[in-house]
Structures are given as structure tokens and as C-alpha cells.
$ cat structure-v7.pdb   # PDB, C-alpha atoms, pLDDT in the B column
ATOM      1  CA  MET G  12    -143.213   1.491 -30.220  1.00 96.00           C
ATOM      2  CA  ARG G  13    -141.788   4.114 -32.525  1.00 96.00           C
ATOM      3  CA  LEU G  14    -138.740   6.320 -32.238  1.00 98.00           C
ATOM      4  CA  VAL G  15    -137.657   9.367 -34.182  1.00 98.00           C
ATOM      5  CA  ILE G  16    -133.960   9.750 -33.374  1.00 98.00           C
ATOM      6  CA  GLN G  17    -132.246  12.998 -34.264  1.00 98.00           C
ATOM      7  CA  ARG G  18    -128.511  13.488 -33.931  1.00 98.00           C
ATOM      8  CA  VAL G  19    -128.133  16.915 -32.353  1.00 98.00           C
ATOM      9  CA  THR G  20    -125.466  19.347 -31.262  1.00 98.00           C
ATOM     10  CA  GLN G  21    -127.953  20.594 -28.671  1.00 98.00           C
ATOM     11  CA  ALA G  22    -131.592  20.127 -27.686  1.00 98.00           C
ATOM     12  CA  GLY G  23    -133.913  21.194 -24.937  1.00 98.00           C
ATOM     13  CA  VAL G  24    -137.447  20.984 -23.583  1.00 98.00           C
ATOM     14  CA  ALA G  25    -139.441  23.724 -21.884  1.00 98.00           C
ATOM     15  CA  ILE G  26    -142.772  23.390 -20.083  1.00 96.00           C
ATOM     16  CA  ASP G  27    -144.827  26.491 -19.258  1.00 95.00           C
ATOM     17  CA  GLY G  28    -141.866  28.664 -20.200  1.00 95.00           C
ATOM     18  CA  ALA G  29    -139.467  26.918 -17.804  1.00 96.00           C
ATOM     19  CA  GLU G  30    -136.601  24.806 -19.088  1.00 97.00           C
ATOM     20  CA  ARG G  31    -137.076  21.187 -18.064  1.00 97.00           C
ATOM     21  CA  ALA G  32    -134.055  19.585 -19.760  1.00 98.00           C
ATOM     22  CA  ARG G  33    -131.121  20.497 -21.997  1.00 98.00           C
ATOM     23  CA  ILE G  34    -128.382  18.431 -23.621  1.00 98.00           C
ATOM     24  CA  GLY G  35    -125.379  19.082 -25.815  1.00 98.00           C
ATOM     25  CA  LEU G  36    -124.078  16.598 -28.410  1.00 98.00           C
ATOM     26  CA  GLY G  37    -126.220  13.491 -28.564  1.00 98.00           C
ATOM     27  CA  PHE G  38    -129.697  12.291 -29.478  1.00 98.00           C
ATOM     28  CA  LEU G  39    -133.114  13.851 -29.225  1.00 98.00           C
ATOM     29  CA  VAL G  40    -135.480  10.877 -29.201  1.00 98.00           C
ATOM     30  CA  LEU G  41    -139.218  11.219 -29.737  1.00 98.00           C
ATOM     31  CA  VAL G  42    -141.047   8.136 -28.430  1.00 97.00           C
ATOM     32  CA  GLY G  43    -144.519   6.992 -29.436  1.00 96.00           C
ATOM     33  CA  ILE G  44    -146.103   4.072 -27.602  1.00 97.00           C
ATOM     34  CA  GLU G  45    -148.863   2.031 -29.214  1.00 95.00           C
ATOM     35  CA  HIS G  46    -151.588   0.196 -27.301  1.00 92.00           C
ATOM     36  CA  ASP G  47    -150.121  -3.252 -28.028  1.00 94.00           C
ATOM     37  CA  ASP G  48    -146.477  -2.423 -27.209  1.00 95.00           C
ATOM     38  CA  THR G  49    -144.781  -4.549 -24.564  1.00 95.00           C
ATOM     39  CA  PRO G  50    -141.619  -4.469 -22.435  1.00 97.00           C
ATOM     40  CA  ASP G  51    -139.961  -6.498 -25.218  1.00 97.00           C
ATOM     41  CA  ASP G  52    -140.431  -3.537 -27.582  1.00 97.00           C
ATOM     42  CA  ALA G  53    -138.750  -1.222 -25.065  1.00 97.00           C
ATOM     43  CA  GLU G  54    -135.929  -3.726 -24.552  1.00 97.00           C
ATOM     44  CA  TRP G  55    -135.234  -4.111 -28.270  1.00 97.00           C
ATOM     45  CA  LEU G  56    -135.397  -0.402 -29.122  1.00 97.00           C
ATOM     46  CA  SER G  57    -133.277   0.653 -26.141  1.00 97.00           C
ATOM     47  CA  GLY G  58    -130.519  -1.708 -27.272  1.00 97.00           C
ATOM     48  CA  LYS G  59    -130.662  -0.434 -30.844  1.00 97.00           C
ATOM     49  CA  LEU G  60    -130.592   3.190 -29.702  1.00 98.00           C
ATOM     50  CA  ALA G  61    -127.699   2.684 -27.275  1.00 97.00           C
ATOM     51  CA  GLN G  62    -125.560   1.078 -29.979  1.00 96.00           C
ATOM     52  CA  LEU G  63    -126.642   3.194 -32.957  1.00 97.00           C
ATOM     53  CA  ARG G  64    -123.462   4.316 -34.739  1.00 97.00           C
ATOM     54  CA  VAL G  65    -124.176   7.611 -36.466  1.00 97.00           C
ATOM     55  CA  PHE G  66    -121.458   9.852 -35.021  1.00 97.00           C
ATOM     56  CA  GLY G  67    -118.327  10.535 -37.029  1.00 95.00           C
ATOM     57  CA  ASP G  68    -115.010   8.820 -36.391  1.00 94.00           C
ATOM     58  CA  ASP G  69    -111.565  10.270 -37.199  1.00 93.00           C
ATOM     59  CA  GLN G  70    -112.166   9.662 -40.919  1.00 93.00           C
ATOM     60  CA  GLY G  71    -115.609  11.273 -40.836  1.00 88.00           C
ATOM     61  CA  MET G  72    -117.417   7.941 -41.186  1.00 93.00           C
ATOM     62  CA  MET G  73    -120.522   7.300 -39.078  1.00 96.00           C
ATOM     63  CA  ASN G  74    -118.891   4.680 -36.866  1.00 96.00           C
ATOM     64  CA  ARG G  75    -119.367   5.910 -33.293  1.00 97.00           C
ATOM     65  CA  SER G  76    -122.245   5.524 -30.862  1.00 97.00           C
ATOM     66  CA  VAL G  77    -123.515   8.138 -28.435  1.00 97.00           C
ATOM     67  CA  THR G  78    -121.521   6.314 -25.760  1.00 96.00           C
ATOM     68  CA  ASP G  79    -118.334   6.478 -27.840  1.00 96.00           C
ATOM     69  CA  VAL G  80    -118.598  10.260 -28.204  1.00 96.00           C
ATOM     70  CA  GLY G  81    -119.624  10.910 -24.593  1.00 96.00           C
ATOM     71  CA  GLY G  82    -122.942  12.330 -25.718  1.00 98.00           C
ATOM     72  CA  GLU G  83    -126.268  12.694 -23.977  1.00 98.00           C
ATOM     73  CA  ILE G  84    -129.824  11.631 -24.736  1.00 98.00           C
ATOM     74  CA  LEU G  85    -133.042  13.616 -24.386  1.00 98.00           C
ATOM     75  CA  ILE G  86    -136.178  11.437 -24.542  1.00 98.00           C
ATOM     76  CA  VAL G  87    -139.561  13.052 -25.187  1.00 97.00           C
ATOM     77  CA  SER G  88    -142.914  11.238 -25.327  1.00 95.00           C
ATOM     78  CA  GLN G  89    -144.977  11.931 -28.447  1.00 91.00           C
ATOM     79  CA  PHE G  90    -148.242  10.050 -28.960  1.00 91.00           C
ATOM     80  CA  THR G  91    -148.708  11.678 -32.379  1.00 85.00           C
ATOM     81  CA  LEU G  92    -146.121   9.288 -33.838  1.00 91.00           C
ATOM     82  CA  HIS G  93    -148.997   6.798 -34.057  1.00 85.00           C
ATOM     83  CA  ALA G  94    -151.303   9.068 -36.059  1.00 86.00           C
ATOM     84  CA  SER G  95    -153.553   7.422 -38.597  1.00 85.00           C
ATOM     85  CA  TYR G  96    -154.349   9.631 -41.578  1.00 84.00           C
ATOM     86  CA  LYS G  97    -156.149   7.211 -43.905  1.00 81.00           C
ATOM     87  CA  LYS G  98    -159.514   8.950 -43.750  1.00 81.00           C
ATOM     88  CA  GLY G  99    -159.926  12.685 -44.121  1.00 80.00           C
ATOM     89  CA  ASN G 100    -157.447  15.309 -43.048  1.00 86.00           C
ATOM     90  CA  ARG G 101    -157.795  15.130 -39.281  1.00 86.00           C
ATOM     91  CA  PRO G 102    -155.502  12.403 -37.907  1.00 88.00           C
ATOM     92  CA  SER G 103    -156.747   9.790 -35.490  1.00 86.00           C
ATOM     93  CA  PHE G 104    -154.610   8.781 -32.528  1.00 88.00           C
ATOM     94  CA  ILE G 105    -156.631   5.689 -31.595  1.00 85.00           C
ATOM     95  CA  ARG G 106    -153.554   3.428 -31.850  1.00 88.00           C
ATOM     96  CA  ALA G 107    -151.612   5.419 -29.239  1.00 89.00           C
ATOM     97  CA  ALA G 108    -151.534   3.776 -25.825  1.00 90.00           C
ATOM     98  CA  ARG G 109    -153.566   5.277 -22.994  1.00 92.00           C
ATOM     99  CA  PRO G 110    -151.454   6.956 -20.289  1.00 91.00           C
ATOM    100  CA  GLU G 111    -152.037   4.185 -17.733  1.00 94.00           C
ATOM    101  CA  ALA G 112    -150.302   1.727 -20.101  1.00 94.00           C
ATOM    102  CA  ALA G 113    -147.900   4.131 -21.815  1.00 95.00           C
ATOM    103  CA  ILE G 114    -146.329   5.814 -18.778  1.00 96.00           C
ATOM    104  CA  PRO G 115    -144.849   2.636 -17.217  1.00 96.00           C
ATOM    105  CA  LEU G 116    -143.512   1.527 -20.612  1.00 96.00           C
ATOM    106  CA  TYR G 117    -142.054   4.992 -21.280  1.00 97.00           C
ATOM    107  CA  GLU G 118    -140.366   5.011 -17.864  1.00 96.00           C
ATOM    108  CA  ALA G 119    -139.007   1.502 -18.437  1.00 97.00           C
ATOM    109  CA  PHE G 120    -137.638   2.568 -21.825  1.00 97.00           C
ATOM    110  CA  VAL G 121    -135.887   5.592 -20.288  1.00 97.00           C
ATOM    111  CA  ALA G 122    -134.316   3.407 -17.582  1.00 97.00           C
ATOM    112  CA  LEU G 123    -133.178   0.816 -20.134  1.00 98.00           C
ATOM    113  CA  VAL G 124    -131.590   3.472 -22.356  1.00 98.00           C
ATOM    114  CA  ALA G 125    -129.716   4.963 -19.387  1.00 97.00           C
ATOM    115  CA  GLN G 126    -128.474   1.516 -18.368  1.00 97.00           C
ATOM    116  CA  LYS G 127    -127.445   0.372 -21.843  1.00 97.00           C
ATOM    117  CA  ALA G 128    -125.963   3.619 -23.160  1.00 96.00           C
ATOM    118  CA  GLY G 129    -124.233   4.591 -19.918  1.00 94.00           C
ATOM    119  CA  VAL G 130    -124.618   8.312 -20.714  1.00 96.00           C
ATOM    120  CA  GLY G 131    -126.706  11.112 -19.272  1.00 95.00           C
ATOM    121  CA  VAL G 132    -130.384  10.722 -20.097  1.00 98.00           C
ATOM    122  CA  GLN G 133    -132.912  13.496 -19.592  1.00 97.00           C
ATOM    123  CA  THR G 134    -136.617  13.594 -20.351  1.00 97.00           C
ATOM    124  CA  GLY G 135    -139.547  15.815 -21.035  1.00 94.00           C
ATOM    125  CA  GLU G 136    -142.733  15.305 -19.032  1.00 93.00           C
ATOM    126  CA  PHE G 137    -145.168  12.674 -20.221  1.00 91.00           C
ATOM    127  CA  GLY G 138    -148.410  14.261 -21.391  1.00 88.00           C
ATOM    128  CA  ALA G 139    -147.257  17.854 -20.918  1.00 92.00           C
ATOM    129  CA  ASP G 140    -147.488  20.574 -23.555  1.00 94.00           C
ATOM    130  CA  MET G 141    -143.777  20.887 -24.304  1.00 96.00           C
ATOM    131  CA  LYS G 142    -141.723  23.198 -26.448  1.00 97.00           C
ATOM    132  CA  VAL G 143    -138.810  21.291 -27.946  1.00 97.00           C
ATOM    133  CA  ASP G 144    -135.850  23.000 -29.552  1.00 97.00           C
ATOM    134  CA  LEU G 145    -132.952  21.347 -31.309  1.00 97.00           C
ATOM    135  CA  VAL G 146    -130.079  21.794 -33.680  1.00 98.00           C
ATOM    136  CA  ASN G 147    -130.170  18.711 -35.887  1.00 96.00           C
ATOM    137  CA  ASP G 148    -126.610  17.732 -36.775  1.00 96.00           C
ATOM    138  CA  GLY G 149    -126.138  16.595 -40.355  1.00 92.00           C
ATOM    139  CA  PRO G 150    -129.109  16.451 -40.450  1.00 94.00           C
ATOM    140  CA  VAL G 151    -129.245  12.847 -39.279  1.00 97.00           C
ATOM    141  CA  THR G 152    -132.721  11.529 -38.480  1.00 97.00           C
ATOM    142  CA  ILE G 153    -133.439   7.823 -38.009  1.00 97.00           C
ATOM    143  CA  LEU G 154    -136.872   6.202 -37.684  1.00 97.00           C
ATOM    144  CA  MET G 155    -137.221   2.972 -35.715  1.00 97.00           C
ATOM    145  CA  ASP G 156    -140.350   0.901 -35.145  1.00 95.00           C
ATOM    146  CA  SER G 157    -140.353  -2.199 -32.969  1.00 95.00           C
ATOM    147  CA  LYS G 158    -143.033  -3.692 -35.244  1.00 90.00           C
ATOM    148  CA  ASN G 159    -140.644  -3.415 -38.217  1.00 88.00           C
ATOM    149  CA  ARG G 160    -137.378  -4.880 -37.024  1.00 82.00           C
ATOM    150  CA  GLU G 161    -135.224  -4.426 -40.122  1.00 74.00           C
TER     151      GLU G 161
END
$ encode --input "structure-v7.pdb" --output "C-alpha cells"
Amino acid sequence: MRLVIQRVTQAGVAIDGAERARIGLGFLVLVGIEHDDTPDDAEWLSGKLAQLRVFGDDQGMMNRSVTDVGGEILIVSQFTLHASYKKGNRPSFIRAARPEAAIPLYEAFVALVAQKAGVGVQTGEFGADMKVDLVNDGPVTILMDSKNRE
């Protein structure tokens, strides 16, 4: 399971021209689920995300979590995070989980993040053609992969 976490001052998702979700200060999180991901991957990443300290404290140091600053989280599914580009110029997405496996894991991840972070969590729509807008703050962008637990 892979995450692209962007610290934002605002972010939103629209589907078919209609706004689905919007947040202020917080995280925009793109989530890619691989075919061999398990609930343990969702558990580990949700804990890391909830406690990630990349918001400034009174001295301007990145010492606060999204919970500490009263932020929000917008979680958007993105199977392209598991693109393979070894051969040719057209990426393969064979490693991305099929919807029947990915949707329950995505929903579990969202629920775990909401529980652990204790802040407002909004989502896009799994599998939809979404338009995502954001103002990346910093910019701060963090990549996390449950297969590479640094």
C-alpha cells in the first residue's frame, strides 16, 4: 500500500463537475493499493499518517501532527501509484489491486485514519474520474510504502 501525503492549506475533489469533498488545513492523501496488500498494511500506514509531525510549532519546526493543529484529511484512491514503467513508455498497472479486493481495504484504511487521527476525514469516490485541486503547503510531500517500512 502506498501513500502520497501532501500538507495542504486546502484541497478538494470534484466528480462530474460537482464538488464531492473539500478541506482546509491538513493532508491530501493519495492511496494506492497493491494486489498483495493486507489489513496489516492499512493498520500500519494509518498509524503513521495519524501521527506524522510535519506541521509547524511555535518555533516553526515541523513538530505537530494533523491532530495537534486541528486539521482535516482528504483521502483519494489512486491505482496509478503502482505503475510499472520498466518496459516501454506506457505504464502497466498490473500490480494494482482489483476493485473487489481494493475497495474493502480502502474503506478500512479510511476508517482507521478517522479513528486514529480523531479529525475530519473526507474521501473521493473509489474508481471515479475525479478532479483534485490543492494548495500544497511548503511544499511538503511525503511518500510512504507499507512494503518499505523505514
$ resolve_selection --input "structure-v7.pdb" --expression "the PyMOL selection byres ((chain G and resi 141-155) around 8)" --output "list of chain:residue names"
G:Arg13, G:Leu14, G:Val15, G:Ile16, G:Gln17, G:Arg18, G:Val19, G:Thr20, G:Gln21, G:Ala22, G:Gly23, G:Val24, G:Ala25, G:Ile26, G:Asp27, G:Leu39, G:Leu56, G:Val65, G:Gly135, G:Glu136, G:Ala139, G:Asp140, G:Asp156, G:Ser157, G:Asn159, G:Arg160
$ residues_around --input "structure-v7.pdb" --residues "region 79-95 of chain G" --least-positions-apart "2" --cutoff "7 Å" --atoms "only C-alpha atoms" --output "number ranges by chain"
G: 13, 34-45, 75-77, 97, 102-104, 106-107, 130-135, 137
$ atom_distance --input "structure-v7.pdb" --atom1 "CA of Thr49 (chain G)" --atom2 "CA of Ala125 (chain G)"
18.6 Å
$ atom_distance --input "structure-v7.pdb" --atom1 "CA of Val124 (chain G)" --atom2 "CA of Pro50 (chain G)"
12.8 Å
$ atom_distance --input "structure-v7.pdb" --atom1 "CA of Ser57 (chain G)" --atom2 "CA of Asp69 (chain G)"
26.2 Å
$ axis_aligned_box --input "structure-v7.pdb" --around "region 113-116 of chain G" --padding-each-side "6 Å" --output "lines of an AutoDock Vina configuration file"
center_x = -145.7
center_y = 3.7
center_z = -19.5
size_x = 16.4
size_y = 16.3
size_z = 16.6
$ closest_residue --input "structure-v7.pdb" --among "G:His46, G:Asn74, G:Glu161, G:Asp68" --to "Ala108 (chain G)" --atoms "only C-alpha atoms"
G:His46
$ closest_residue --input "structure-v7.pdb" --among "G:Ala29, G:Ile114, G:Met72, G:Leu123" --to "Ala53 (chain G)" --atoms "only C-alpha atoms"
G:Leu123
$ closest_residue --input "structure-v7.pdb" --among "G:Glu54, G:Ala61, G:Gly99, G:Ile105" --to "Gly129 (chain G)" --atoms "only C-alpha atoms"
G:Ala61
$ decode --input "structure-v7.pdb" --residues "region 105-150 of chain G" --atoms "N, CA and C atoms" --output "compact mmCIF listing (two decimals), in the first residue's frame"
# COMPACT_ATOMS: atom_id res chain seq x y z
N ILE G 105 -0.61 -3.61 -13.54
CA ILE G 105 -0.91 -5.00 -13.18
C ILE G 105 -0.79 -5.26 -11.68
N ARG G 106 0.06 -4.49 -10.99
CA ARG G 106 0.27 -4.69 -9.55
C ARG G 106 -0.85 -4.08 -8.71
N ALA G 107 -1.64 -3.19 -9.28
CA ALA G 107 -2.73 -2.56 -8.54
C ALA G 107 -3.81 -3.61 -8.25
N ALA G 108 -4.37 -3.54 -7.06
CA ALA G 108 -5.40 -4.49 -6.66
C ALA G 108 -6.68 -4.27 -7.46
N ARG G 109 -7.38 -5.35 -7.74
CA ARG G 109 -8.69 -5.27 -8.39
C ARG G 109 -9.68 -4.64 -7.42
N PRO G 110 -10.70 -3.98 -7.92
CA PRO G 110 -11.66 -3.29 -7.04
C PRO G 110 -12.27 -4.17 -5.95
N GLU G 111 -12.57 -5.42 -6.26
CA GLU G 111 -13.19 -6.29 -5.25
C GLU G 111 -12.28 -6.51 -4.03
N ALA G 112 -10.98 -6.41 -4.20
CA ALA G 112 -10.04 -6.51 -3.08
C ALA G 112 -9.67 -5.13 -2.54
N ALA G 113 -9.55 -4.15 -3.43
CA ALA G 113 -9.07 -2.83 -3.04
C ALA G 113 -10.12 -2.02 -2.27
N ILE G 114 -11.37 -2.09 -2.67
CA ILE G 114 -12.39 -1.25 -2.03
C ILE G 114 -12.52 -1.54 -0.53
N PRO G 115 -12.64 -2.81 -0.09
CA PRO G 115 -12.73 -3.04 1.35
C PRO G 115 -11.49 -2.56 2.12
N LEU G 116 -10.32 -2.72 1.52
CA LEU G 116 -9.08 -2.28 2.18
C LEU G 116 -9.01 -0.75 2.23
N TYR G 117 -9.44 -0.09 1.16
CA TYR G 117 -9.51 1.37 1.13
C TYR G 117 -10.47 1.88 2.21
N GLU G 118 -11.65 1.28 2.29
CA GLU G 118 -12.63 1.69 3.29
C GLU G 118 -12.12 1.45 4.72
N ALA G 119 -11.43 0.34 4.91
CA ALA G 119 -10.85 0.06 6.23
C ALA G 119 -9.78 1.09 6.58
N PHE G 120 -8.95 1.45 5.60
CA PHE G 120 -7.92 2.46 5.82
C PHE G 120 -8.55 3.79 6.22
N VAL G 121 -9.58 4.22 5.51
CA VAL G 121 -10.26 5.48 5.82
C VAL G 121 -10.80 5.45 7.25
N ALA G 122 -11.44 4.36 7.63
CA ALA G 122 -12.00 4.24 8.98
C ALA G 122 -10.89 4.27 10.04
N LEU G 123 -9.79 3.59 9.78
CA LEU G 123 -8.67 3.58 10.72
C LEU G 123 -8.06 4.97 10.88
N VAL G 124 -7.91 5.69 9.78
CA VAL G 124 -7.35 7.05 9.85
C VAL G 124 -8.28 7.94 10.69
N ALA G 125 -9.57 7.87 10.44
CA ALA G 125 -10.53 8.69 11.19
C ALA G 125 -10.45 8.37 12.68
N GLN G 126 -10.35 7.10 13.01
CA GLN G 126 -10.28 6.67 14.41
C GLN G 126 -8.97 7.14 15.06
N LYS G 127 -7.86 6.94 14.39
CA LYS G 127 -6.56 7.23 14.99
C LYS G 127 -6.23 8.72 15.02
N ALA G 128 -6.63 9.45 13.99
CA ALA G 128 -6.30 10.87 13.93
C ALA G 128 -7.31 11.70 14.72
N GLY G 129 -8.55 11.23 14.79
CA GLY G 129 -9.57 11.97 15.53
C GLY G 129 -9.91 13.32 14.90
N VAL G 130 -9.74 13.44 13.59
CA VAL G 130 -10.07 14.68 12.87
C VAL G 130 -11.04 14.34 11.75
N GLY G 131 -11.58 15.36 11.12
CA GLY G 131 -12.48 15.14 10.00
C GLY G 131 -11.76 14.49 8.84
N VAL G 132 -12.35 13.43 8.31
CA VAL G 132 -11.80 12.72 7.16
C VAL G 132 -12.85 12.68 6.06
N GLN G 133 -12.47 13.14 4.89
CA GLN G 133 -13.34 13.09 3.73
C GLN G 133 -12.66 12.26 2.65
N THR G 134 -13.44 11.85 1.65
CA THR G 134 -12.89 11.00 0.61
C THR G 134 -13.38 11.43 -0.77
N GLY G 135 -12.67 10.92 -1.76
CA GLY G 135 -13.15 10.97 -3.13
C GLY G 135 -14.10 9.79 -3.29
N GLU G 136 -14.23 9.31 -4.52
CA GLU G 136 -15.06 8.14 -4.79
C GLU G 136 -14.21 7.11 -5.50
N PHE G 137 -14.09 5.95 -4.91
CA PHE G 137 -13.23 4.91 -5.46
C PHE G 137 -13.62 4.62 -6.91
N GLY G 138 -12.63 4.66 -7.79
CA GLY G 138 -12.84 4.31 -9.19
C GLY G 138 -13.43 5.41 -10.06
N ALA G 139 -13.81 6.53 -9.48
CA ALA G 139 -14.40 7.61 -10.25
C ALA G 139 -13.32 8.44 -10.94
N ASP G 140 -13.71 9.12 -12.01
CA ASP G 140 -12.83 10.08 -12.67
C ASP G 140 -12.95 11.38 -11.88
N MET G 141 -11.95 11.68 -11.10
CA MET G 141 -12.00 12.81 -10.17
C MET G 141 -11.08 13.93 -10.62
N LYS G 142 -11.47 15.13 -10.29
CA LYS G 142 -10.62 16.30 -10.45
C LYS G 142 -10.22 16.74 -9.05
N VAL G 143 -8.93 16.72 -8.80
CA VAL G 143 -8.40 17.04 -7.47
C VAL G 143 -7.66 18.36 -7.54
N ASP G 144 -8.01 19.27 -6.65
CA ASP G 144 -7.27 20.53 -6.57
C ASP G 144 -6.69 20.66 -5.17
N LEU G 145 -5.53 21.34 -5.10
CA LEU G 145 -4.89 21.50 -3.81
C LEU G 145 -3.95 22.69 -3.83
N VAL G 146 -3.70 23.20 -2.64
CA VAL G 146 -2.63 24.16 -2.44
C VAL G 146 -1.66 23.48 -1.49
N ASN G 147 -0.55 23.00 -2.06
CA ASN G 147 0.46 22.29 -1.28
C ASN G 147 1.19 23.32 -0.43
N ASP G 148 1.24 23.07 0.86
CA ASP G 148 1.83 23.99 1.82
C ASP G 148 3.28 23.61 2.07
N GLY G 149 4.18 24.46 1.68
CA GLY G 149 5.61 24.23 1.94
C GLY G 149 6.46 24.36 0.69
N PRO G 150 6.38 23.49 -0.28
CA PRO G 150 5.57 22.28 -0.31
C PRO G 150 6.16 21.17 0.57
